[in-house]
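With compact mmCIF, C-alpha atoms inside, this is data_5.txt:
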# COMPACT_ATOMS: atom_id res chain seq x y z
CA MET B 1 -85.61 31.61 -39.65
CA GLN B 2 -87.32 30.95 -42.95
CA ALA B 3 -86.11 28.13 -45.17
CA PRO B 4 -84.61 29.08 -48.54
CA GLY B 5 -86.86 28.52 -51.53
CA ARG B 6 -86.21 26.09 -54.33
CA ALA B 7 -83.68 27.69 -56.63
CA PRO B 8 -83.94 27.25 -60.38
CA GLY B 9 -82.07 24.13 -61.44
CA ALA B 10 -82.07 22.67 -57.92
CA SER B 11 -81.89 18.91 -57.64
CA SER B 12 -84.98 17.15 -58.86
CA SER B 13 -84.36 14.14 -56.65
CA ALA B 14 -86.28 15.65 -53.73
CA PRO B 15 -89.76 14.14 -53.63
CA SER B 16 -92.87 15.81 -54.88
CA GLY B 17 -96.42 15.42 -53.68
CA ALA B 18 -98.91 17.10 -51.39
CA PRO B 19 -97.76 18.14 -47.92
CA PRO B 20 -99.00 16.06 -44.99
CA ALA B 21 -102.52 16.67 -43.75
CA HIS B 22 -101.32 18.50 -40.64
CA SER B 23 -99.10 20.98 -42.49
CA GLN B 24 -101.49 23.87 -41.87
CA GLN B 25 -99.91 24.13 -38.41
CA HIS B 26 -97.35 26.89 -38.06
CA GLU B 27 -94.21 25.58 -36.46
CA GLY B 28 -93.94 26.72 -32.85
CA GLU B 29 -97.70 26.81 -32.41
CA PRO B 30 -99.60 23.95 -30.75
CA MET B 31 -101.85 22.00 -33.05
CA THR B 32 -105.41 22.67 -31.95
CA THR B 33 -107.20 22.13 -35.26
CA ALA B 34 -106.32 18.45 -35.75
CA ARG B 35 -106.81 16.73 -32.43
CA HIS B 36 -106.82 12.97 -32.07
CA ASP B 37 -107.90 10.46 -29.45
CA HIS B 38 -104.57 9.47 -27.92
CA ARG B 39 -105.74 5.91 -27.28
CA ALA B 40 -106.41 5.17 -30.95
CA LEU B 41 -103.39 7.07 -32.20
CA GLY B 42 -101.15 5.52 -29.56
CA ARG B 43 -102.05 2.07 -30.86
CA GLU B 44 -101.76 3.11 -34.51
CA LEU B 45 -98.30 4.61 -34.04
CA GLY B 46 -97.05 1.83 -31.75
CA LEU B 47 -96.48 4.07 -28.72
CA PHE B 48 -98.15 2.13 -25.91
CA GLY B 49 -100.61 -0.65 -25.29
CA THR B 50 -102.63 -2.45 -22.64
CA ASP B 51 -103.39 -6.09 -21.92
CA PRO B 52 -105.96 -7.66 -19.57
CA LEU B 53 -103.27 -10.00 -18.30
CA ILE B 54 -101.27 -7.03 -16.98
CA GLY B 55 -104.40 -5.25 -15.75
CA ALA B 56 -106.61 -2.24 -16.32
CA GLY B 57 -104.94 1.14 -15.89
CA LEU B 58 -101.47 -0.39 -16.29
CA PRO B 59 -100.26 0.49 -19.81
CA TYR B 60 -96.95 -0.71 -21.18
CA TRP B 61 -94.67 1.41 -23.35
CA LEU B 62 -93.47 0.29 -26.77
CA PRO B 63 -90.06 1.43 -28.10
CA ASP B 64 -91.31 4.60 -29.85
CA GLY B 65 -93.48 5.60 -26.89
CA ALA B 66 -90.64 4.86 -24.50
CA THR B 67 -88.43 7.20 -26.55
CA VAL B 68 -90.93 10.06 -26.22
CA ARG B 69 -91.24 9.40 -22.50
CA HIS B 70 -87.47 9.19 -22.01
CA GLU B 71 -86.84 12.46 -23.84
CA LEU B 72 -89.53 14.21 -21.82
CA GLU B 73 -88.09 12.91 -18.56
CA GLU B 74 -84.55 13.89 -19.47
CA TYR B 75 -85.72 17.37 -20.48
CA ILE B 76 -87.42 17.92 -17.14
CA ARG B 77 -84.45 16.58 -15.15
CA ALA B 78 -82.07 18.94 -16.95
CA THR B 79 -84.48 21.84 -16.49
CA GLU B 80 -84.74 21.13 -12.78
CA ARG B 81 -80.97 20.87 -12.36
CA ARG B 82 -80.53 24.28 -13.95
CA ALA B 83 -83.14 25.66 -11.56
CA GLY B 84 -81.25 24.45 -8.51
CA TYR B 85 -83.08 21.20 -7.76
CA GLN B 86 -81.34 18.14 -6.34
CA HIS B 87 -82.64 14.75 -7.46
CA VAL B 88 -83.32 11.89 -5.10
CA TYR B 89 -84.73 8.36 -5.27
CA SER B 90 -87.13 6.90 -2.76
CA PRO B 91 -88.91 3.52 -2.50
CA VAL B 92 -92.40 2.94 -3.87
CA LEU B 93 -93.37 1.21 -0.62
CA GLY B 94 -93.67 2.62 2.87
CA LYS B 95 -94.91 1.39 6.21
CA ARG B 96 -98.51 2.16 7.03
CA GLU B 97 -97.26 4.31 9.91
CA LEU B 98 -95.61 6.66 7.41
CA TYR B 99 -98.96 7.49 5.83
CA GLU B 100 -100.68 7.69 9.19
CA LEU B 101 -98.14 10.33 10.16
CA SER B 102 -98.49 12.27 6.88
CA GLY B 103 -102.29 12.24 7.07
CA HIS B 104 -102.81 10.22 3.91
CA TRP B 105 -104.23 7.24 5.80
CA ALA B 106 -106.91 9.36 7.47
CA HIS B 107 -107.80 11.54 4.49
CA TYR B 108 -106.82 9.56 1.39
CA ALA B 109 -107.15 5.85 2.22
CA ASP B 110 -109.99 5.32 -0.28
CA ASP B 111 -107.57 6.11 -3.12
CA MET B 112 -104.82 3.82 -1.82
CA PHE B 113 -104.27 0.14 -2.46
CA PRO B 114 -104.80 -2.15 0.55
CA PRO B 115 -101.73 -2.73 2.72
CA LEU B 116 -99.45 -5.67 2.04
CA GLU B 117 -99.47 -7.85 5.13
CA MET B 118 -95.96 -9.02 5.98
CA GLY B 119 -96.72 -12.14 8.01
CA GLU B 120 -94.38 -14.57 9.64
CA GLY B 121 -92.54 -15.10 6.35
CA GLY B 122 -91.79 -11.36 6.26
CA GLY B 123 -90.39 -11.45 9.75
CA ASP B 124 -92.34 -8.92 11.79
CA GLY B 125 -95.99 -8.71 10.69
CA GLU B 126 -95.76 -5.07 9.58
CA GLN B 127 -97.98 -3.54 6.89
CA LEU B 128 -96.45 -2.03 3.76
CA VAL B 129 -98.33 0.35 1.45
CA LEU B 130 -97.82 1.25 -2.21
CA ARG B 131 -97.33 4.97 -1.96
CA PRO B 132 -100.06 7.30 -3.27
CA SER B 133 -97.65 10.25 -3.32
CA LEU B 134 -93.98 11.05 -2.85
CA CYS B 135 -94.21 13.83 -0.28
CA PRO B 136 -93.95 11.67 2.88
CA HIS B 137 -90.70 10.13 1.61
CA HIS B 138 -89.25 13.55 0.82
CA ALA B 139 -90.21 14.82 4.27
CA VAL B 140 -88.28 11.91 5.78
CA ILE B 141 -85.30 12.69 3.52
CA TYR B 142 -85.38 16.30 4.70
CA ARG B 143 -85.30 15.30 8.36
CA SER B 144 -82.55 12.70 7.84
CA ARG B 145 -80.12 15.27 9.27
CA SER B 146 -80.19 18.69 10.85
CA ARG B 147 -80.74 21.64 8.52
CA SER B 148 -79.63 25.27 8.61
CA TYR B 149 -81.40 28.32 7.23
CA ARG B 150 -78.40 28.67 4.91
CA GLU B 151 -79.56 25.54 3.03
CA LEU B 152 -83.01 26.95 2.31
CA PRO B 153 -84.71 26.84 -0.05
CA LEU B 154 -83.89 23.14 -0.38
CA ARG B 155 -85.40 21.79 -3.60
CA LEU B 156 -85.73 18.00 -3.80
CA ALA B 157 -87.02 16.48 -7.04
CA GLU B 158 -87.83 12.96 -8.18
CA LEU B 159 -89.38 11.29 -11.19
CA GLY B 160 -90.95 8.56 -9.13
CA ALA B 161 -93.67 5.95 -9.29
CA MET B 162 -96.82 6.15 -7.21
CA TYR B 163 -100.06 4.19 -7.21
CA ARG B 164 -103.73 5.08 -7.01
CA SER B 165 -106.55 2.59 -6.52
CA GLU B 166 -108.71 4.02 -9.30
CA ARG B 167 -112.06 2.42 -10.10
CA SER B 168 -112.01 0.53 -13.39
CA GLY B 169 -114.84 2.68 -14.79
CA VAL B 170 -112.74 5.87 -14.74
CA LEU B 171 -109.59 4.40 -16.28
CA GLY B 172 -108.70 5.43 -19.84
CA GLY B 173 -105.57 5.20 -21.96
CA LEU B 174 -102.77 7.21 -20.39
CA THR B 175 -104.91 9.93 -18.83
CA ARG B 176 -106.19 7.93 -15.86
CA VAL B 177 -103.97 5.06 -14.72
CA ARG B 178 -103.20 3.14 -11.56
CA ALA B 179 -99.39 3.24 -11.82
CA ILE B 180 -98.20 6.83 -12.25
CA GLN B 181 -94.74 8.19 -13.00
CA LEU B 182 -94.82 11.61 -11.37
CA ASN B 183 -92.55 14.57 -12.03
CA ASP B 184 -92.63 15.66 -8.41
CA ALA B 185 -90.63 18.04 -6.25
CA HIS B 186 -90.80 19.47 -2.77
CA ILE B 187 -89.25 22.75 -1.80
CA PHE B 188 -88.47 23.26 1.87
CA CYS B 189 -88.21 26.97 2.55
CA THR B 190 -88.93 29.78 4.97
CA LEU B 191 -92.29 31.53 4.95
CA ASP B 192 -90.68 34.57 3.34
CA GLN B 193 -89.39 32.44 0.47
CA VAL B 194 -92.69 30.75 -0.42
CA ALA B 195 -94.00 33.32 -2.90
CA ALA B 196 -90.74 33.50 -4.88
CA GLU B 197 -90.48 29.69 -5.04
CA ALA B 198 -94.07 29.31 -6.18
CA ARG B 199 -93.58 31.98 -8.87
CA ALA B 200 -90.42 30.24 -10.07
CA ALA B 201 -92.30 26.93 -10.24
CA LEU B 202 -94.99 28.54 -12.40
CA GLU B 203 -92.30 29.84 -14.75
CA LEU B 204 -90.84 26.33 -15.05
CA ILE B 205 -94.31 25.05 -15.96
CA ARG B 206 -94.86 27.74 -18.58
CA GLY B 207 -91.40 27.14 -20.08
CA ALA B 208 -92.00 23.40 -20.30
CA TYR B 209 -95.33 23.94 -22.05
CA ARG B 210 -93.59 26.12 -24.64
CA ALA B 211 -90.93 23.46 -25.23
CA VAL B 212 -93.42 20.63 -25.77
CA GLY B 213 -95.88 22.79 -27.74
CA ILE B 214 -98.97 22.66 -25.53
CA GLN B 215 -101.07 25.33 -23.85
CA ALA B 216 -102.86 25.59 -20.54
CA ALA B 217 -106.64 25.65 -20.81
CA ARG B 218 -106.88 27.72 -17.62
CA TYR B 219 -105.44 28.23 -14.15
CA ARG B 220 -107.41 27.18 -11.09
CA LEU B 221 -106.97 28.07 -7.45
CA SER B 222 -108.16 24.90 -5.74
CA LEU B 223 -109.66 25.41 -2.30
CA PRO B 224 -111.22 23.14 0.33
CA ALA B 225 -114.93 22.53 0.76
CA PRO B 226 -116.86 21.78 3.95
CA GLY B 227 -116.46 18.23 5.20
CA GLY B 228 -113.93 15.86 6.73
CA LYS B 229 -111.81 15.42 3.61
CA TYR B 230 -109.36 18.13 4.68
CA VAL B 231 -107.12 18.68 7.68
CA ALA B 232 -108.70 21.01 10.21
CA ASN B 233 -106.62 24.12 10.72
CA GLN B 234 -108.35 27.23 9.41
CA ASP B 235 -105.44 29.56 10.17
CA LYS B 236 -103.03 27.53 8.06
CA TRP B 237 -105.55 27.26 5.21
CA ARG B 238 -106.06 31.03 5.17
CA GLN B 239 -102.34 31.71 5.27
CA ALA B 240 -101.52 29.26 2.47
CA THR B 241 -104.41 30.47 0.30
CA ALA B 242 -103.33 34.09 0.66
CA LEU B 243 -99.82 33.18 -0.50
CA LEU B 244 -101.09 31.44 -3.64
CA ARG B 245 -103.46 34.29 -4.48
CA GLN B 246 -100.52 36.67 -4.19
CA VAL B 247 -98.46 34.53 -6.59
CA LEU B 248 -101.24 34.36 -9.20
CA ASP B 249 -102.01 38.07 -8.95
CA GLU B 250 -98.35 39.09 -9.23
CA ALA B 251 -97.90 36.78 -12.23
CA GLY B 252 -100.86 38.46 -13.94
CA LEU B 253 -102.50 35.10 -14.61
CA PRO B 254 -106.29 34.93 -14.80
CA TYR B 255 -107.64 32.17 -12.59
CA GLU B 256 -110.82 30.77 -11.13
CA ALA B 257 -111.19 29.73 -7.51
CA GLU B 258 -113.00 26.42 -7.01
CA GLU B 259 -113.95 24.75 -3.76
CA GLY B 260 -113.52 21.03 -3.25
CA GLU B 261 -110.39 20.65 -5.42
CA ALA B 262 -107.65 21.27 -2.83
CA ALA B 263 -105.24 18.64 -1.59
CA PHE B 264 -106.24 17.37 1.84
CA TYR B 265 -103.32 19.25 3.42
CA GLY B 266 -103.47 22.59 1.58
CA PRO B 267 -104.64 24.74 -1.34
CA LYS B 268 -103.02 24.55 -4.76
CA ILE B 269 -102.66 26.20 -8.13
CA ASP B 270 -103.77 23.71 -10.76
CA VAL B 271 -102.80 24.14 -14.42
CA GLN B 272 -105.67 22.66 -16.41
CA ILE B 273 -105.40 21.11 -19.87
CA ALA B 274 -108.16 19.92 -22.22
CA ASP B 275 -108.23 16.70 -24.21
CA ALA B 276 -109.57 16.03 -27.70
CA ALA B 277 -113.14 15.87 -26.41
CA GLY B 278 -112.79 19.09 -24.41
CA ARG B 279 -112.57 17.29 -21.06
CA GLU B 280 -110.38 19.06 -18.51
CA ALA B 281 -107.69 17.49 -16.38
CA THR B 282 -104.97 18.80 -14.10
CA LEU B 283 -101.46 18.39 -15.49
CA SER B 284 -99.26 20.67 -13.38
CA THR B 285 -99.62 21.96 -9.86
CA VAL B 286 -98.08 24.21 -7.20
CA GLN B 287 -99.16 23.63 -3.60
CA VAL B 288 -98.39 25.28 -0.27
CA ASP B 289 -98.30 22.85 2.66
CA LEU B 290 -98.15 24.07 6.24
CA HIS B 291 -99.49 20.76 7.55
CA GLN B 292 -96.94 18.00 6.85
CA PRO B 293 -93.90 19.93 8.14
CA ALA B 294 -95.61 19.99 11.52
CA ARG B 295 -96.70 16.35 11.32
CA PHE B 296 -93.12 15.25 10.59
CA ASP B 297 -91.66 17.77 13.06
CA LEU B 298 -89.47 19.32 10.38
CA HIS B 299 -87.28 22.17 11.44
CA TYR B 300 -84.18 24.17 10.62
CA THR B 301 -81.80 26.21 12.68
CA GLY B 302 -82.34 29.90 12.06
CA ALA B 303 -79.88 32.78 12.10
CA ASP B 304 -80.92 33.33 15.71
CA GLY B 305 -79.85 29.82 16.65
CA GLY B 306 -83.45 28.76 17.32
CA ARG B 307 -85.56 25.97 15.81
CA HIS B 308 -87.97 27.06 13.09
CA ARG B 309 -90.57 25.23 11.01
CA PRO B 310 -90.08 25.20 7.21
CA VAL B 311 -92.89 25.44 4.68
CA MET B 312 -93.26 22.64 2.14
CA VAL B 313 -94.08 23.71 -1.43
CA HIS B 314 -95.22 20.78 -3.58
CA ARG B 315 -94.61 21.29 -7.30
CA ALA B 316 -95.11 19.23 -10.46
CA VAL B 317 -93.99 20.77 -13.76
CA ILE B 318 -95.33 18.15 -16.17
CA GLY B 319 -97.18 16.19 -13.50
CA SER B 320 -97.97 12.64 -14.52
CA VAL B 321 -95.71 11.54 -17.38
CA GLU B 322 -98.55 9.37 -18.67
CA ARG B 323 -101.03 12.24 -18.81
CA ALA B 324 -98.42 14.57 -20.32
CA VAL B 325 -97.70 12.14 -23.16
CA ALA B 326 -101.43 11.62 -23.77
CA GLN B 327 -101.79 15.38 -24.19
CA LEU B 328 -98.81 15.54 -26.52
CA ILE B 329 -100.24 12.79 -28.71
CA GLU B 330 -103.57 14.57 -29.01
CA VAL B 331 -102.21 18.07 -29.53
CA HIS B 332 -99.62 17.07 -32.12
CA GLY B 333 -101.45 14.16 -33.71
CA GLY B 334 -98.27 12.11 -33.45
CA ALA B 335 -96.20 14.81 -35.21
CA PHE B 336 -94.11 15.60 -32.14
CA PRO B 337 -91.62 18.48 -31.90
CA GLY B 338 -88.31 17.45 -33.43
CA TRP B 339 -86.55 16.89 -30.11
CA LEU B 340 -89.33 14.55 -28.90
CA ALA B 341 -89.99 12.62 -32.12
CA PRO B 342 -89.24 8.87 -31.90
CA THR B 343 -87.64 9.09 -35.35
CA GLN B 344 -86.15 12.49 -36.13
CA ILE B 345 -84.74 11.85 -39.59
CA ALA B 346 -85.93 9.46 -42.31
CA VAL B 347 -83.05 8.69 -44.69
CA LEU B 348 -84.42 8.07 -48.20
CA PRO B 349 -81.99 6.88 -50.90
CA VAL B 350 -83.73 7.28 -54.26
CA SER B 351 -82.26 4.06 -55.68
CA GLY B 352 -79.99 1.20 -54.68
CA ALA B 353 -76.99 3.12 -56.01
CA GLN B 354 -77.41 5.64 -53.17
CA LEU B 355 -77.94 2.99 -50.48
CA PRO B 356 -74.30 3.02 -49.25
CA ASP B 357 -74.47 6.81 -48.86
CA GLY B 358 -77.77 6.41 -47.01
CA GLU B 359 -76.17 3.96 -44.61
CA ALA B 360 -73.27 6.36 -44.09
CA LEU B 361 -75.69 9.17 -43.33
CA LEU B 362 -77.50 6.91 -40.85
CA ARG B 363 -74.22 6.34 -39.01
CA ARG B 364 -73.52 10.05 -39.08
CA CYS B 365 -76.90 10.76 -37.47
CA ALA B 366 -76.25 8.18 -34.76
CA ALA B 367 -72.86 9.74 -34.01
CA ALA B 368 -74.57 13.14 -33.66
CA GLY B 369 -77.11 11.70 -31.23
CA LEU B 370 -79.99 11.94 -33.69
CA ARG B 371 -82.59 9.21 -34.05
CA ALA B 372 -82.66 8.23 -37.73
CA ARG B 373 -84.23 5.42 -39.75
CA LEU B 374 -83.19 4.17 -43.16
CA SER B 375 -86.04 3.69 -45.61
CA PRO B 376 -84.45 1.74 -48.50
CA PRO B 377 -85.77 1.56 -52.07
CA GLU B 378 -87.16 -1.94 -51.55
CA ASP B 379 -89.71 -0.41 -49.14
CA GLY B 380 -91.51 1.15 -52.10
CA SER B 381 -91.45 4.12 -54.42
CA LEU B 382 -89.97 7.36 -53.18
CA GLY B 383 -93.43 8.90 -52.94
CA ALA B 384 -94.72 5.96 -50.89
CA ARG B 385 -91.77 6.16 -48.53
CA VAL B 386 -92.29 9.90 -48.09
CA ARG B 387 -95.91 9.26 -47.14
CA GLN B 388 -94.88 6.56 -44.68
CA ALA B 389 -92.54 9.08 -43.01
CA ARG B 390 -95.11 11.89 -42.92
CA LEU B 391 -94.83 12.31 -39.13
CA VAL B 392 -91.03 12.36 -39.12
CA PRO B 393 -89.72 15.95 -38.78
CA TYR B 394 -86.96 15.60 -41.40
CA GLN B 395 -86.75 13.50 -44.55
CA ALA B 396 -83.24 13.36 -46.02
CA VAL B 397 -83.45 12.45 -49.70
CA LEU B 398 -80.33 11.18 -51.47
CA GLY B 399 -80.41 11.12 -55.25
CA PRO B 400 -77.51 10.78 -57.72
CA ARG B 401 -76.66 14.47 -57.53
CA GLU B 402 -76.71 14.62 -53.72
CA SER B 403 -74.55 11.49 -53.43
CA ALA B 404 -72.03 12.87 -55.90
CA GLU B 405 -71.77 16.20 -54.06
CA GLY B 406 -71.97 14.94 -50.45
CA ARG B 407 -75.26 16.77 -49.92
CA VAL B 408 -78.78 15.96 -48.76
CA ALA B 409 -82.10 17.32 -50.00
CA LEU B 410 -84.14 17.91 -46.86
CA ARG B 411 -87.90 17.81 -46.92
CA LEU B 412 -89.52 19.15 -43.75
CA ARG B 413 -92.61 17.61 -42.24
CA ASP B 414 -94.66 20.75 -42.94
CA GLY B 415 -94.10 20.33 -46.70
CA ARG B 416 -91.17 22.70 -47.18
CA ARG B 417 -88.31 21.45 -49.36
CA LEU B 418 -84.88 22.95 -48.86
CA ASP B 419 -82.14 23.43 -51.38
CA PRO B 420 -79.59 20.57 -51.12
CA LEU B 421 -77.18 21.21 -48.26
CA PRO B 422 -73.83 19.70 -47.30
CA ALA B 423 -74.63 16.78 -45.03
CA ALA B 424 -72.50 18.21 -42.19
CA GLU B 425 -74.35 21.53 -42.33
CA ALA B 426 -77.77 19.87 -42.34
CA MET B 427 -76.86 17.63 -39.38
CA ALA B 428 -75.42 20.55 -37.41
CA ARG B 429 -78.55 22.63 -37.90
CA ILE B 430 -80.89 19.82 -36.89
CA THR B 431 -78.73 18.92 -33.90
CA ALA B 432 -78.79 22.54 -32.70
CA LEU B 433 -82.59 22.76 -32.96
CA VAL B 434 -82.96 19.50 -31.05
CA ALA B 435 -80.54 20.66 -28.34
CA GLU B 436 -82.55 23.87 -27.93
CA HIS B 437 -85.78 21.87 -27.47
CA SER B 438 -87.23 24.02 -30.22
CA THR B 439 -90.68 23.54 -31.71
CA GLU B 440 -89.38 25.11 -34.93
CA LEU B 441 -88.37 22.77 -37.74
CA TRP B 442 -85.89 25.15 -39.38
Render the structure in this file as structure tokens.
Amino acid sequence: MQAPGRAPGASSSAPSGAPPAHSQQHEGEPMTTARHDHRALGRELGLFGTDPLIGAGLPYWLPDGATVRHELEEYIRATERRAGYQHVYSPVLGKRELYELSGHWAHYADDMFPPLEMGEGGGDGEQLVLRPSLCPHHAVIYRSRSRSYRELPLRLAELGAMYRSERSGVLGGLTRVRAIQLNDAHIFCTLDQVAAEARAALELIRGAYRAVGIQAARYRLSLPAPGGKYVANQDKWRQATALLRQVLDEAGLPYEAEEGEAAFYGPKIDVQIADAAGREATLSTVQVDLHQPARFDLHYTGADGGRHRPVMVHRAVIGSVERAVAQLIEVHGGAFPGWLAPTQIAVLPVSGAQLPDGEALLRRCAAAGLRARLSPPEDGSLGARVRQARLVPYQAVLGPRESAEGRVALRLRDGRRLDPLPAAEAMARITALVAEHSTELW
């Protein structure tokens, strides 16, 4: 919906001045013309930081960055619940035997941190490992009790931490880290259900990209290459690859097949993104795994009363939260969609006389669940305060006329200025757009 224009005689208390530098972006379209290095912008905007005392590849999150991360995580949890996923928690540590059973120890040990030796003080001398993935834990959760075909597909999801022993030379900002918060899920299903579940996972990925305002650079079918990096079972590889090709073809998505990019246990669809420098990375993935269900002896009771082996579909909608936020910073230049923005509304009283009304509006925003910040007159001229709030989606200006009439003059981040609205109406409209996870400002 288009915003109304400025009517003759409308309040003059709304600020004037040039629109922000990024206003050439059309709302609802990802910003591709004004990319930024997320590391520099993350520091400038106070989103995250690093410190040698904590360690390389271990960023910490500042309040504004933590808000973006929290909103993204809550969005994906709600999306998964609506899609029939059940959320679980699992520990970040596991015994070495767990990863020997899954195959990670044989095929992935170079990317794992060394085991923690539990000596006499620990009681039994066992070795514990920081997990490099969540799938072994979810396989154990699946087999914690007997399962029936009536329960399938069983979709288990977790936003969980995992750890990769990355070399210091490849670490950078949020895109390559050693402690990863992964939006992971594992779908246990019958062979006949695999294609439908993989297609549904791709739709979740595409919907999430629309909500956060980013685009896939390309889709890749990641296949094995010769060598000992992959489990040896050609029949399972062929079967799993055929299923993923079917999913991509039926979805009408162009893709490129590349050898050497598969997971050690199976092929995968990788959704590639590009950073400010044009470098590609994998953000989201859908994988078909016929290997780990056999390793963990997973089964379900079929309609015939017999024992059957499920298939394990691995799926990450936004993948690594760190990498997802890095992409959001670069694509949007810090001007996040309204529902993700650390501050959604900047409240700008023109003078001290309107300060009480500004404080009342701040409380009203908080009651509506909106993140607002008061920018009082002592912070500078109105024009200076508008410039300081240039990345905030909504600037609510309160002049004498607005205060007298119980209205607000909204200025949108893209430079549009709306006719003064009743405060309740303005808050209701903004709240609705935020609830819809819309990339539109109005």
Next on the checklist: My list of candidates is B:Arg429, B:Arg69, B:Arg82, B:Lys95. Which is closest to Leu182 (chain B) when distances are computed with only C-alpha atoms?
Outcome noted: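 Once distances to Leu182 (chain B) are computed over only C-alpha atoms, the minimum belongs to B:Arg69.
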Item to check | Å distance separating CA of Gln344 (chain B) from CA of Leu45 (chain B), one decimal place | outcome: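 Result for CA of Gln344 (chain B) versus CA of Leu45 (chain B): 14.6 Å, one decimal.
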Next on the checklist: Give me the residues near Gln327 (chain B) as a PyMOL selection string, where near means some atom within 8 Å (using only C-alpha atoms) and where sequence neighbours in that chain fewer than 3 positions away do not count.
Outcome noted: chain B and resi 38+214+275+323-324+330-331
Please save C-alpha atoms of the selected residues as an mmCIF file, keeping the file's coordinate frame.
data_model
loop_
_atom_site.group_PDB
_atom_site.id
_atom_site.type_symbol
_atom_site.label_atom_id
_atom_site.label_comp_id
_atom_site.auth_asym_id
_atom_site.auth_seq_id
_atom_site.Cartn_x
_atom_site.Cartn_y
_atom_site.Cartn_z
ATOM 1 C CA HIS B 38 -104.570 9.470 -27.920
ATOM 2 C CA ILE B 214 -98.970 22.660 -25.530
ATOM 3 C CA ASP B 275 -108.230 16.700 -24.210
ATOM 4 C CA ARG B 323 -101.030 12.240 -18.810
ATOM 5 C CA ALA B 324 -98.420 14.570 -20.320
ATOM 6 C CA GLU B 330 -103.570 14.570 -29.010
ATOM 7 C CA VAL B 331 -102.210 18.070 -29.530
#
Listed atoms of region 209-221 of chain B, axis-aligned box, 4 Å per side: centre and edge lengths to one decimal in Å, as AutoDock Vina command-line options?
--center_x -99.2 --center_y 24.4 --center_z -17.6 --size_x 24.5 --size_y 15.6 --size_z 28.3
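The environment of Leu98 (chain B) within 10 Å, counting only C-alpha atoms and disregarding residues fewer than 5 places along the same chain, consists of Leu93, Gly103, His104, Trp105, Leu128, Val129, Arg131, Pro136, His137, Val140 and Phe296 of chain B.
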For those residues, write C-alpha atoms to a file as an mmCIF file, in the frame of the given file.
data_model
loop_
_atom_site.group_PDB
_atom_site.id
_atom_site.type_symbol
_atom_site.label_atom_id
_atom_site.label_comp_id
_atom_site.auth_asym_id
_atom_site.auth_seq_id
_atom_site.Cartn_x
_atom_site.Cartn_y
_atom_site.Cartn_z
ATOM 1 C CA LEU B 93 -93.370 1.210 -0.620
ATOM 2 C CA GLY B 103 -102.290 12.240 7.070
ATOM 3 C CA HIS B 104 -102.810 10.220 3.910
ATOM 4 C CA TRP B 105 -104.230 7.240 5.800
ATOM 5 C CA LEU B 128 -96.450 -2.030 3.760
ATOM 6 C CA VAL B 129 -98.330 0.350 1.450
ATOM 7 C CA ARG B 131 -97.330 4.970 -1.960
ATOM 8 C CA PRO B 136 -93.950 11.670 2.880
ATOM 9 C CA HIS B 137 -90.700 10.130 1.610
ATOM 10 C CA VAL B 140 -88.280 11.910 5.780
ATOM 11 C CA PHE B 296 -93.120 15.250 10.590
#
Checklist entry - Skipping near chain neighbours, those fewer than 6 positions away, what residues fall within 10 Å of Ala217 (chain B) using all atoms listed in the file, listed as a PyMOL selection string? => result chain B and resi 271-275+278+280-282
Checklist entry - Can you list, as a PyMOL selection string, every protein, DNA or RNA residue that comes within 12 Å of region 301-311 of chain B when you count all atoms listed in the file, leaving out same-chain residues fewer than 6 positions away? => result chain B and resi 139+142-143+145-155+186-195+197-198+236+239-240+243+266+287-295
Checklist entry - Skipping near chain neighbours, those fewer than 6 positions away, what residues fall within 9 Å of Val317 (chain B) using all atoms listed in the file, listed as a ChimeraX atom specification? => result /B:76,183-185,201-202,204-206,208-209,283-286
Checklist entry - Could you state the separation of CA of Arg411 (chain B) and CA of Thr431 (chain B) in Å, given to one decimal place? => result 16.0 Å
Item to check | CA of Gly49 (chain B) to CA of Arg178 (chain B), distance in Å rounded to a single decimal | outcome: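 Atom-to-atom, CA of Gly49 (chain B) to CA of Arg178 (chain B), that is 14.5 Å.
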Checklist entry - Looking at all atoms listed in the file, which of B:Gly207, B:Pro267, B:Pro226, B:Pro63 is the one that sits closest to Arg238 (chain B)? => result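 Among the listed residues, the smallest separation from Arg238 (chain B) belongs to B:Pro267.
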Checklist entry - Hey, which of B:Gly213, B:Gly399, B:Gly173, B:Gly228 ends up closest to Gly333 (chain B)? Count all atoms listed in the file. => result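 So, comparing all the options, the nearest one is B:Gly213.
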Item to check | Protein and nucleic acid residues near (-82.4, 20.6, -30.6) (cut-off 12 Å, all atoms listed in the file) as a ChimeraX atom specification | outcome: /B:71,75,211,337-341,344,368-371,393,427-442
Next on the checklist: Measuring between all atoms listed in the file, which one of B:Pro91, B:Leu53, B:Ser133, B:Gly169 shows the shortest distance to Tyr108 (chain B)?
Outcome noted: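 Of B:Pro91, B:Leu53, B:Ser133, B:Gly169, the one nearest Tyr108 (chain B) is B:Ser133, counting all atoms listed in the file.
If all atoms listed in the file are the atoms counted, then among B:Tyr230, B:Glu126, B:His138, B:Pro114 the closest residue to Glu97 (chain B) is B:Glu126.
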Checklist entry - Around (-79.3, 19.4, -47.3) in the file's own coordinates, what residues are found within 12 Å if you use only C-alpha atoms, given back as number ranges by chain? => result B: 3-4, 6, 10-11, 13-14, 347, 361, 394-399, 401-403, 405-412, 417-430, 442
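Comparing the minimum interatomic distances between Gln354 (chain B) and each of B:Pro342, B:Pro376, B:Pro52, B:Gly334, counting only C-alpha atoms, we find that B:Pro376 sits nearest.
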